[in-house]
Amino acid sequence: MSAEGHDHGHDHEHEHHHKDTFITKYIFSIDHKMIAKQYLLTGIVMGIIGVGMSMLFRMQLAWPEESFKIFNILLGDKWAPNGVMTNDIYLSLVTIHGTIMVFFVLTAALSGTFSNLLIPLQIGARDMASGFMNMISYWLFFLSSVIMICSLFVESGPANSGWTIYPPLSALPQAISGSGLGMTLWLSSMAIFIASSLMGSLNYIVTVINLRTKGMSMTRLPLTIWAFFVTAIIGVVSFPVLLSAALLLIFDRSFGTSFFLSDIYIAGEVLHYQGGSPVLFEHLFWFLGHPEVYIVILPALGITSEIIATNSRKPIFGYRAMIMSIIAIAFLSTIVWGHHMFISGMNPFLGSVFTFTTLLIAIPSAVKAFNYITTLWKGNLQLNPAMLFSIGLVSTFITGGLTGIILGDSTLDINVHDTYFVVAHFHLVMGISALYGMFAGIYHWFPKMFGRMLNKNLGYVHFWVTAVCAYGVFFPMHFIGLAGLPRRYYTNTNFPLFDDLQNVNVLITTFALIGGAFQLVFLYNFFSSIFYGKKAVQNPWKSNTLEWTTPVEHIHGNWPGEIPEVHRWPYDYSNPGHEEDFVPQTVPMKPGEEVLHH
Amino acid sequence: MTSLLVIIVLVLLAVALWQLTKIFDLTQVGSNSDSSQVATDDDNNVQGYLMFGFLAFIYIFSIYGLFKWGSLVLHTPASAHGAQVDNLMNITWVLIFIVQAVTQVLLHYFAFKYRGKKDQKALYFADNNKLEAIWSVIPAIVLAGLILYGLYAWTNIMFIDDEEDTVVVELYAQQFKWTARVAGEDNVLGKANVRYIEGINTLGVDLADPYAQDDIVVSELHIPKGKKIHFKMRSQDVLHSAYMPYFRAQMNCVPGMVTEFAFEPIYTTAEYRELPYMIEKVANINALRSKKSVELVAKGETALDPYSFDYLLLCNKICGSSHYNMQMKIVVDTPEDYKKWLSEQALLVQQVKEANAPAPVEGGTNKDSLKSKDTAAVVKIAMK
């Protein structure tokens, strides 16, 4: 099947090749490598906005209601009169920060960049199954980003009911200013985003199933591809549910239906809504919302698997167990959404069920963590920046994952639900970890994307400062959460009870500002290396996978001649029967060579 | 002050960056590669040591944190079920710390120990079913324990026995205010719906309901120690969450439905204030506040009030602009004090009646009272 696919693709590319104009090459490109770069650049821009917002609201939390000129410059007189941030814009910043980071950076940019770049290159395909749909997917993502950015400038303010947009708050403009036009734009943006994400995911799934080169069986796929493949499946299963929730919410907002609203008295009058339930929205939202966490983290783990194996010069430990755990995590992720709703008012019996399924996820996660550690054992570790970020990911994934045992347990969740403990937990386990995965991927595949190398020393500085700051921000945050401090409070000064937490907040903000500032080192490295970086060799990390058999200069169809045939799994590093410490997948098995892994 | 701090931080940052780059550059001396290559043996060496240093950082930071911030964490639960919650929490923490300590050591130590060298060859070790089994089964067993304990506690806490002798109280949420309704002598709350909201009947109680006749509406809730309080939560506008951290209690308030939570307070407010940890905490907070007050007074503003502990009901679900200031004081009384407090409160029906009556006239003579009766009747007719 795959052999036919590749022959067809090969003929097609070479017979109908025509010259690119600037527009078809850089803008409306259907080449997966260019689309990957487009995703990455858009993601970086969104990332700068999202991280920048967090710096602003962290300053407000550390020095509540103090005047900062920067607030006035960035937010304007309406939202920061005399440089003092208002409570409405504080909530907007929190909301949009969450939305941008979760969806636009860690879902679209992470998956969009690396699935697009690596799926065809690592499975040996000329391009995605549908290049055109791939292009549409990117441009819808771009459009949704533009709409989200536009929503920042509407008069009534951007959406500010939290990134989870629970109705009735998000449904009623009377309830909060951001639920007017800001929310309309938020919902439109997300609807388009979901369409983009679905097109991308379908493309990834079809490509992985149909376009693998000769010899590339499913059990010879690099773990990156397994992760992207399973992620795409989760996306296709769960994103439509969010779309339906968004549509129903639009109906409630604009056409007077009562899907999520009932018995509401606000601004001195009783509204007509009757019979709906906000809890229904919570179910629909988290049916996507929880798998979303794995949509974010699985690609990062896939990237890490590849980088840790390559740089340890060792096979990834427990290849099959890794695949099984990815599948197990994906399956479980669709039946645990209720752990976000233990105290939402749903039947406590459901709480018991969701506690059970949630804690089960710890098992495949533990398997993954232990397999990473064992991969390092007795390796010959090449501590490139990509490797450091991968090790950093394993570290934060463990630290953040462990506190999930507390939050997943309904009994314990009662008291830490919606406190800063939750914020600390998910930032470490999915935010920081997935960002590390993204950075690791950029450092590792930059030569493949741009044909040049990143500056290693700047990479080292970037990693170490980020690593210290990440712990510096989120470790103390656990304590203020355990002290009972609720999240999404504009200031804690109305509760003398929390006065003793203020010093901790200042420390957190200091680390956040330092960590945020040092991302500039990365940006400088990234953009200057695109133009001035040292030219890359074809296989700089001495890796086994197929993407390093393509020429450094990008060409349509990826390989100038035949697509290479695959003869072995991707992790034959330091195989005792071979001279070199790596054996690319394209090297035929020696006569009498045994398959050493199972 | 802050700007000075920021400048100092920025200067330190610049110095740190310069130093770091210098260190990395020094490691390049003697090797013929420039700084945009893959890691050399020297790099591996430096980064390996840094990995080890980072392990030390995580450990020192964790231990420092536990000492420095450990006392901030909620302590001594003020409710009967709270001990169960805290017990499970402590067991979980012990497990988490063990796993965290071991895995972080392994991860970073391996990164240090096996840092790359030119003539070193990695061990080809791809698979071991025994090991995989070990680290699937051990977490499974440990988690099974946690799940069982958790579910046992959860069932105890969340399933409220209707037969039990409780005090029924309604917590009513609206943007940005809490109100409580005590069920009164019959211990049954009168029916309510937002459509009955009118005048001072802000909770929308159906005044015609016989159960509503003895309901009491208050903005500062008193509850008796040693008796289970059965809370029923309602919201009139958006989602809120009734969060009472010291009681280890939380439940969302959802418009259109009634949610429930029940607990038994075991310390009166006065008793809880006297707990040694609370005395220390309050002293610490007051020290911070008086320091702040000195600054404020210097700026010509008013000083902060000294703080004394009270149980609070907080809103813990984003509910609008002033979400950050939605609170209600809860006082736990001895049963005797509670009875006394209860007897001093006016019934809702009475309050409504009084509000609908015209303002009392001074030195009411016979004539006046007659007149007021008339107007009361008129009001009644008008209401119909």
# chains A, B, ... in the order shown; residues from 1 in each chain; ligands from 1
>>> residues_around(residues="Glu282 (chain A)", least_positions_apart="6", cutoff="9 Å", atoms="only C-alpha atoms", output="JSON, numbers by chain")
{"A": [164, 166, 167, 338, 340, 341, 344]}
>>> residues_around(residues="Val51 (chain A)", least_positions_apart="3", cutoff="10 Å", atoms="only C-alpha atoms", output="PyMOL selection string")
chain A and resi 46-48+54-56+97-98+100-101+512+516+519
>>> residues_around(residues="Gly302 (chain A)", least_positions_apart="4", cutoff="6 Å", atoms="only C-alpha atoms", output="PyMOL selection string")
chain A and resi 223-224+227
>>> write_last_selection(atoms="N, CA and C atoms", output="PDB file, in the first residue's frame")
ATOM      1  N   LEU A 223       8.644   7.699  17.374  1.00  0.00           N
ATOM      2  CA  LEU A 223       7.605   7.993  18.378  1.00  0.00           C
ATOM      3  C   LEU A 223       6.990   9.375  18.168  1.00  0.00           C
ATOM      4  N   THR A 224       7.738  10.280  17.549  1.00  0.00           N
ATOM      5  CA  THR A 224       7.145  11.573  17.222  1.00  0.00           C
ATOM      6  C   THR A 224       5.892  11.376  16.390  1.00  0.00           C
ATOM      7  N   ALA A 227       3.053  10.005  18.295  1.00  0.00           N
ATOM      8  CA  ALA A 227       2.432  11.028  19.143  1.00  0.00           C
ATOM      9  C   ALA A 227       1.553  11.965  18.314  1.00  0.00           C
TER      10      ALA A 227
END
>>> residues_around(residues="region 70-80 of chain A", least_positions_apart="2", cutoff="12 Å", atoms="only C-alpha atoms", output="PyMOL selection string")
(chain A and resi 49+52-53+55-60+65-68+82-93+152-158) or (chain B and resi 3)
>>> write_last_selection(atoms="C-alpha atoms", output="JSON list (two decimals), in the first residue's frame")
[["chain", "number", "residue", "atom", "x", "y", "z"],
["A", 49, "ILE", "CA", 1.53, 38.38, 23.00],
["A", 52, "GLY", "CA", 3.63, 39.42, 27.46],
["A", 53, "MET", "CA", 0.12, 39.51, 28.92],
["A", 55, "MET", "CA", 3.97, 39.59, 32.61],
["A", 56, "LEU", "CA", 1.46, 42.42, 32.95],
["A", 57, "PHE", "CA", -0.98, 40.63, 35.20],
["A", 58, "ARG", "CA", 1.83, 39.15, 37.25],
["A", 59, "MET", "CA", 2.95, 42.71, 37.96],
["A", 60, "GLN", "CA", -0.54, 43.61, 39.07],
["A", 65, "GLU", "CA", -3.15, 48.66, 42.11],
["A", 66, "GLU", "CA", 0.21, 50.33, 41.80],
["A", 67, "SER", "CA", 0.81, 52.64, 38.92],
["A", 68, "PHE", "CA", 3.12, 51.51, 36.12],
["A", 82, "ASN", "CA", -2.88, 56.75, 35.47],
["A", 83, "GLY", "CA", -1.11, 53.48, 34.93],
["A", 84, "VAL", "CA", -3.29, 51.50, 37.33],
["A", 85, "MET", "CA", -4.70, 48.34, 35.77],
["A", 86, "THR", "CA", -8.49, 48.03, 36.08],
["A", 87, "ASN", "CA", -10.16, 44.85, 37.25],
["A", 88, "ASP", "CA", -11.94, 44.29, 33.93],
["A", 89, "ILE", "CA", -8.77, 44.36, 31.89],
["A", 90, "TYR", "CA", -7.04, 42.19, 34.45],
["A", 91, "LEU", "CA", -9.62, 39.49, 33.80],
["A", 92, "SER", "CA", -9.29, 40.06, 30.05],
["A", 93, "LEU", "CA", -5.54, 39.60, 30.21],
["A", 152, "LEU", "CA", -8.38, 43.07, 22.03],
["A", 153, "PHE", "CA", -9.32, 46.42, 20.55],
["A", 154, "VAL", "CA", -13.12, 46.51, 20.80],
["A", 155, "GLU", "CA", -14.60, 49.21, 22.96],
["A", 156, "SER", "CA", -16.30, 47.01, 25.54],
["A", 157, "GLY", "CA", -13.07, 45.10, 25.97],
["A", 158, "PRO", "CA", -11.92, 41.59, 25.06],
["B", 3, "SER", "CA", 11.49, 50.85, 39.93]]
>>> select_by_dssp(residues="region 53-124 of chain A", states="helix (DSSP H, G or I)", output="PyMOL selection string")
chain A and resi 53-62+69-79+81-83+87-123
>>> residues_around(residues="Phe285 (chain A)", least_positions_apart="6", cutoff="9 Å", atoms="only C-alpha atoms", output="list in words")
Thr164, Ile165, Tyr166, Val241, Leu242, Ala245, Ala246 and Trp337 of chain A
>>> closest_residue(among="A:Tyr532, A:Phe522, A:Phe251, A:Tyr420", to="Leu485 (chain A)", atoms="only C-alpha atoms")
A:Tyr420
>>> residues_around(residues="Ile138 (chain B)", least_positions_apart="5", cutoff="9 Å", atoms="only C-alpha atoms", output="list in words")
Ile363 of chain A; Ala133 and Leu143 of chain B
>>> residues_around(residues="Ala536 (chain A)", least_positions_apart="3", cutoff="12 Å", atoms="only C-alpha atoms", output="list in words")
His444, Trp445, Phe446, Pro447, Lys448, Met449, Phe450, Gly451, Arg452, Met453, Leu454, Asn455, Ser529, Ile530, Tyr532, Gly533, Asn539, Pro540, Trp541, Trp548, Pro551, Val552 and Glu553 of chain A; Ser36, Gln37 and Val38 of chain B
>>> closest_residue(among="A:Glu594, A:Glu580, A:Glu306, A:Glu292", to="chain B", atoms="only C-alpha atoms")
A:Glu580
>>> closest_atom_pairs(of="region 111-141 of chain A", to="region 21-45 of chain A", cutoff="9 Å", atoms="only C-alpha atoms", output="Markdown table")
| residue | atom | partner | partner_atom | distance |
| --- | --- | --- | --- | --- |
| A:Ser111 | CA | A:Tyr39 | CA | 8.9 |
| A:Gly112 | CA | A:Tyr39 | CA | 5.7 |
| A:Thr113 | CA | A:Ala36 | CA | 4.2 |
| A:Phe114 | CA | A:Ala36 | CA | 6.7 |
| A:Ser115 | CA | A:Ala36 | CA | 7.9 |
| A:Asn116 | CA | A:Ala36 | CA | 5.2 |
| A:Leu117 | CA | A:Lys33 | CA | 5.2 |
| A:Leu118 | CA | A:Lys33 | CA | 8.5 |
| A:Pro120 | CA | A:His32 | CA | 7.8 |
| A:Asp127 | CA | A:His32 | CA | 6.1 |
| A:Met128 | CA | A:His32 | CA | 6.5 |
| A:Ser130 | CA | A:Ile30 | CA | 8.6 |
| A:Gly131 | CA | A:Ile30 | CA | 4.8 |
| A:Phe132 | CA | A:Ile30 | CA | 5.7 |
| A:Met133 | CA | A:Ile30 | CA | 8.4 |
| A:Asn134 | CA | A:Ile30 | CA | 6.7 |
| A:Met135 | CA | A:Ile30 | CA | 5.4 |
| A:Ile136 | CA | A:Phe28 | CA | 8.8 |
| A:Tyr138 | CA | A:Tyr39 | CA | 6.8 |
| A:Trp139 | CA | A:Phe28 | CA | 8.4 |
| A:Phe141 | CA | A:Tyr39 | CA | 8.5 |
>>> select_by_dssp(residues="region 31-249 of chain B", states="strand (DSSP E)", output="VMD selection string")
chain B and resid 166 to 174 177 to 182 216 to 218 221 to 224 228 to 235 240 to 244 249
>>> atom_distance(atom1="CA of Phe426 (chain A)", atom2="CA of Gly400 (chain A)")
6.8 Å
>>> atom_distance(atom1="CA of Gln382 (chain A)", atom2="CA of Gly116 (chain B)")
5.2 Å
>>> closest_residue(among="B:Gly190, B:Lys228, B:Ala249, B:Glu271", to="His417 (chain A)", atoms="only C-alpha atoms")
B:Ala249
>>> closest_residue(among="A:Ser197, A:Ser312, A:Asn558, A:Ser433", to="chain B", atoms="only C-alpha atoms")
A:Ser312
>>> closest_residue(among="B:Val73, B:Leu348, B:Ala180, B:Val188", to="chain A", atoms="only C-alpha atoms")
B:Val73
>>> decode(residues="region 366-416 of chain A", atoms="N, CA and C atoms", output="JSON list (two decimals), in the first residue's frame")
[["chain", "number", "residue", "atom", "x", "y", "z"],
["A", 366, "ALA", "N", 3.46, 7.41, 34.30],
["A", 366, "ALA", "CA", 4.62, 6.95, 35.05],
["A", 366, "ALA", "C", 5.51, 6.09, 34.16],
["A", 367, "VAL", "N", 4.88, 5.22, 33.36],
["A", 367, "VAL", "CA", 5.66, 4.37, 32.46],
["A", 367, "VAL", "C", 6.53, 5.23, 31.54],
["A", 368, "LYS", "N", 5.93, 6.29, 31.02],
["A", 368, "LYS", "CA", 6.69, 7.16, 30.12],
["A", 368, "LYS", "C", 7.87, 7.80, 30.85],
["A", 369, "ALA", "N", 7.60, 8.33, 32.04],
["A", 369, "ALA", "CA", 8.67, 9.01, 32.77],
["A", 369, "ALA", "C", 9.81, 8.04, 33.07],
["A", 370, "PHE", "N", 9.48, 6.85, 33.55],
["A", 370, "PHE", "CA", 10.53, 5.89, 33.88],
["A", 370, "PHE", "C", 11.29, 5.46, 32.62],
["A", 371, "ASN", "N", 10.58, 5.33, 31.51],
["A", 371, "ASN", "CA", 11.27, 4.95, 30.28],
["A", 371, "ASN", "C", 12.26, 6.02, 29.83],
["A", 372, "TYR", "N", 11.89, 7.28, 30.01],
["A", 372, "TYR", "CA", 12.83, 8.34, 29.66],
["A", 372, "TYR", "C", 14.08, 8.24, 30.52],
["A", 373, "ILE", "N", 13.85, 8.07, 31.82],
["A", 373, "ILE", "CA", 15.00, 8.02, 32.72],
["A", 373, "ILE", "C", 15.89, 6.84, 32.36],
["A", 374, "THR", "N", 15.27, 5.70, 32.06],
["A", 374, "THR", "CA", 16.08, 4.52, 31.72],
["A", 374, "THR", "C", 16.81, 4.72, 30.40],
["A", 375, "THR", "N", 16.22, 5.51, 29.51],
["A", 375, "THR", "CA", 16.93, 5.78, 28.26],
["A", 375, "THR", "C", 18.23, 6.53, 28.52],
["A", 376, "LEU", "N", 18.21, 7.41, 29.51],
["A", 376, "LEU", "CA", 19.43, 8.16, 29.83],
["A", 376, "LEU", "C", 20.50, 7.25, 30.43],
["A", 377, "TRP", "N", 20.06, 6.23, 31.14],
["A", 377, "TRP", "CA", 20.98, 5.38, 31.90],
["A", 377, "TRP", "C", 21.99, 4.72, 30.96],
["A", 378, "LYS", "N", 23.27, 4.88, 31.29],
["A", 378, "LYS", "CA", 24.36, 4.32, 30.49],
["A", 378, "LYS", "C", 24.33, 4.77, 29.04],
["A", 379, "GLY", "N", 23.86, 5.98, 28.84],
["A", 379, "GLY", "CA", 23.92, 6.54, 27.49],
["A", 379, "GLY", "C", 25.22, 7.28, 27.30],
["A", 380, "ASN", "N", 25.32, 7.94, 26.16],
["A", 380, "ASN", "CA", 26.48, 8.79, 25.88],
["A", 380, "ASN", "C", 25.89, 10.15, 25.53],
["A", 381, "LEU", "N", 25.46, 10.86, 26.56],
["A", 381, "LEU", "CA", 24.55, 11.98, 26.35],
["A", 381, "LEU", "C", 25.21, 13.18, 25.67],
["A", 382, "GLN", "N", 24.66, 13.56, 24.55],
["A", 382, "GLN", "CA", 25.12, 14.77, 23.86],
["A", 382, "GLN", "C", 24.23, 15.91, 24.34],
["A", 383, "LEU", "N", 24.74, 16.74, 25.24],
["A", 383, "LEU", "CA", 23.88, 17.71, 25.90],
["A", 383, "LEU", "C", 23.72, 18.98, 25.05],
["A", 384, "ASN", "N", 23.12, 18.80, 23.91],
["A", 384, "ASN", "CA", 22.75, 19.95, 23.07],
["A", 384, "ASN", "C", 21.57, 20.68, 23.71],
["A", 385, "PRO", "N", 21.33, 21.94, 23.32],
["A", 385, "PRO", "CA", 20.18, 22.65, 23.90],
["A", 385, "PRO", "C", 18.88, 21.86, 23.78],
["A", 386, "ALA", "N", 18.67, 21.19, 22.63],
["A", 386, "ALA", "CA", 17.43, 20.42, 22.47],
["A", 386, "ALA", "C", 17.34, 19.34, 23.54],
["A", 387, "MET", "N", 18.48, 18.71, 23.83],
["A", 387, "MET", "CA", 18.51, 17.65, 24.83],
["A", 387, "MET", "C", 18.21, 18.22, 26.22],
["A", 388, "LEU", "N", 18.77, 19.40, 26.50],
["A", 388, "LEU", "CA", 18.51, 20.00, 27.81],
["A", 388, "LEU", "C", 17.03, 20.28, 27.98],
["A", 389, "PHE", "N", 16.42, 20.84, 26.95],
["A", 389, "PHE", "CA", 14.99, 21.11, 27.06],
["A", 389, "PHE", "C", 14.19, 19.82, 27.22],
["A", 390, "SER", "N", 14.65, 18.75, 26.58],
["A", 390, "SER", "CA", 13.93, 17.48, 26.72],
["A", 390, "SER", "C", 14.05, 16.93, 28.13],
["A", 391, "ILE", "N", 15.25, 17.02, 28.69],
["A", 391, "ILE", "CA", 15.42, 16.57, 30.07],
["A", 391, "ILE", "C", 14.60, 17.47, 30.99],
["A", 392, "GLY", "N", 14.63, 18.77, 30.70],
["A", 392, "GLY", "CA", 13.82, 19.71, 31.47],
["A", 392, "GLY", "C", 12.35, 19.35, 31.41],
["A", 393, "LEU", "N", 11.90, 18.92, 30.25],
["A", 393, "LEU", "CA", 10.50, 18.52, 30.10],
["A", 393, "LEU", "C", 10.18, 17.35, 31.01],
["A", 394, "VAL", "N", 11.05, 16.35, 31.02],
["A", 394, "VAL", "CA", 10.78, 15.19, 31.87],
["A", 394, "VAL", "C", 10.70, 15.64, 33.32],
["A", 395, "SER", "N", 11.59, 16.56, 33.70],
["A", 395, "SER", "CA", 11.59, 17.05, 35.09],
["A", 395, "SER", "C", 10.28, 17.76, 35.44],
["A", 396, "THR", "N", 9.86, 18.70, 34.61],
["A", 396, "THR", "CA", 8.64, 19.43, 34.94],
["A", 396, "THR", "C", 7.40, 18.55, 34.77],
["A", 397, "PHE", "N", 7.48, 17.62, 33.84],
["A", 397, "PHE", "CA", 6.35, 16.69, 33.64],
["A", 397, "PHE", "C", 6.14, 15.85, 34.90],
["A", 398, "ILE", "N", 7.25, 15.44, 35.52],
["A", 398, "ILE", "CA", 7.12, 14.66, 36.75],
["A", 398, "ILE", "C", 6.61, 15.56, 37.89],
["A", 399, "THR", "N", 7.26, 16.71, 38.07],
["A", 399, "THR", "CA", 6.87, 17.59, 39.18],
["A", 399, "THR", "C", 5.41, 18.01, 39.05],
["A", 400, "GLY", "N", 5.03, 18.42, 37.86],
["A", 400, "GLY", "CA", 3.65, 18.86, 37.66],
["A", 400, "GLY", "C", 2.67, 17.72, 37.67],
["A", 401, "GLY", "N", 3.10, 16.58, 37.12],
["A", 401, "GLY", "CA", 2.20, 15.43, 37.04],
["A", 401, "GLY", "C", 1.85, 14.89, 38.41],
["A", 402, "LEU", "N", 2.83, 14.91, 39.31],
["A", 402, "LEU", "CA", 2.58, 14.33, 40.64],
["A", 402, "LEU", "C", 1.48, 15.05, 41.39],
["A", 403, "THR", "N", 1.43, 16.38, 41.26],
["A", 403, "THR", "CA", 0.37, 17.08, 41.97],
["A", 403, "THR", "C", -1.00, 16.81, 41.35],
["A", 404, "GLY", "N", -0.99, 16.24, 40.14],
["A", 404, "GLY", "CA", -2.25, 15.81, 39.54],
["A", 404, "GLY", "C", -2.93, 14.73, 40.36],
["A", 405, "ILE", "N", -2.12, 13.98, 41.12],
["A", 405, "ILE", "CA", -2.71, 12.94, 41.96],
["A", 405, "ILE", "C", -3.60, 13.58, 43.03],
["A", 406, "ILE", "N", -3.23, 14.79, 43.43],
["A", 406, "ILE", "CA", -4.06, 15.50, 44.42],
["A", 406, "ILE", "C", -5.32, 16.05, 43.76],
["A", 407, "LEU", "N", -5.13, 16.70, 42.61],
["A", 407, "LEU", "CA", -6.29, 17.34, 41.97],
["A", 407, "LEU", "C", -7.25, 16.33, 41.38],
["A", 408, "GLY", "N", -6.73, 15.16, 40.99],
["A", 408, "GLY", "CA", -7.60, 14.16, 40.39],
["A", 408, "GLY", "C", -8.42, 13.41, 41.42],
["A", 409, "ASP", "N", -8.08, 13.61, 42.67],
["A", 409, "ASP", "CA", -8.79, 12.92, 43.74],
["A", 409, "ASP", "C", -9.90, 13.83, 44.23],
["A", 410, "SER", "N", -11.14, 13.43, 43.98],
["A", 410, "SER", "CA", -12.26, 14.35, 44.25],
["A", 410, "SER", "C", -12.23, 14.88, 45.68],
["A", 411, "THR", "N", -11.87, 14.04, 46.63],
["A", 411, "THR", "CA", -11.89, 14.47, 48.03],
["A", 411, "THR", "C", -10.93, 15.64, 48.25],
["A", 412, "LEU", "N", -9.72, 15.51, 47.66],
["A", 412, "LEU", "CA", -8.72, 16.54, 47.87],
["A", 412, "LEU", "C", -9.02, 17.77, 47.02],
["A", 413, "ASP", "N", -9.70, 17.53, 45.90],
["A", 413, "ASP", "CA", -10.00, 18.64, 45.00],
["A", 413, "ASP", "C", -10.94, 19.64, 45.64],
["A", 414, "ILE", "N", -11.78, 19.18, 46.58],
["A", 414, "ILE", "CA", -12.76, 20.08, 47.21],
["A", 414, "ILE", "C", -12.07, 21.37, 47.64],
["A", 415, "ASN", "N", -10.92, 21.22, 48.30],
["A", 415, "ASN", "CA", -10.34, 22.40, 48.92],
["A", 415, "ASN", "C", -9.30, 23.11, 48.05],
["A", 416, "VAL", "N", -8.77, 22.43, 47.03],
["A", 416, "VAL", "CA", -7.77, 23.13, 46.21],
["A", 416, "VAL", "C", -8.33, 23.53, 44.86]]
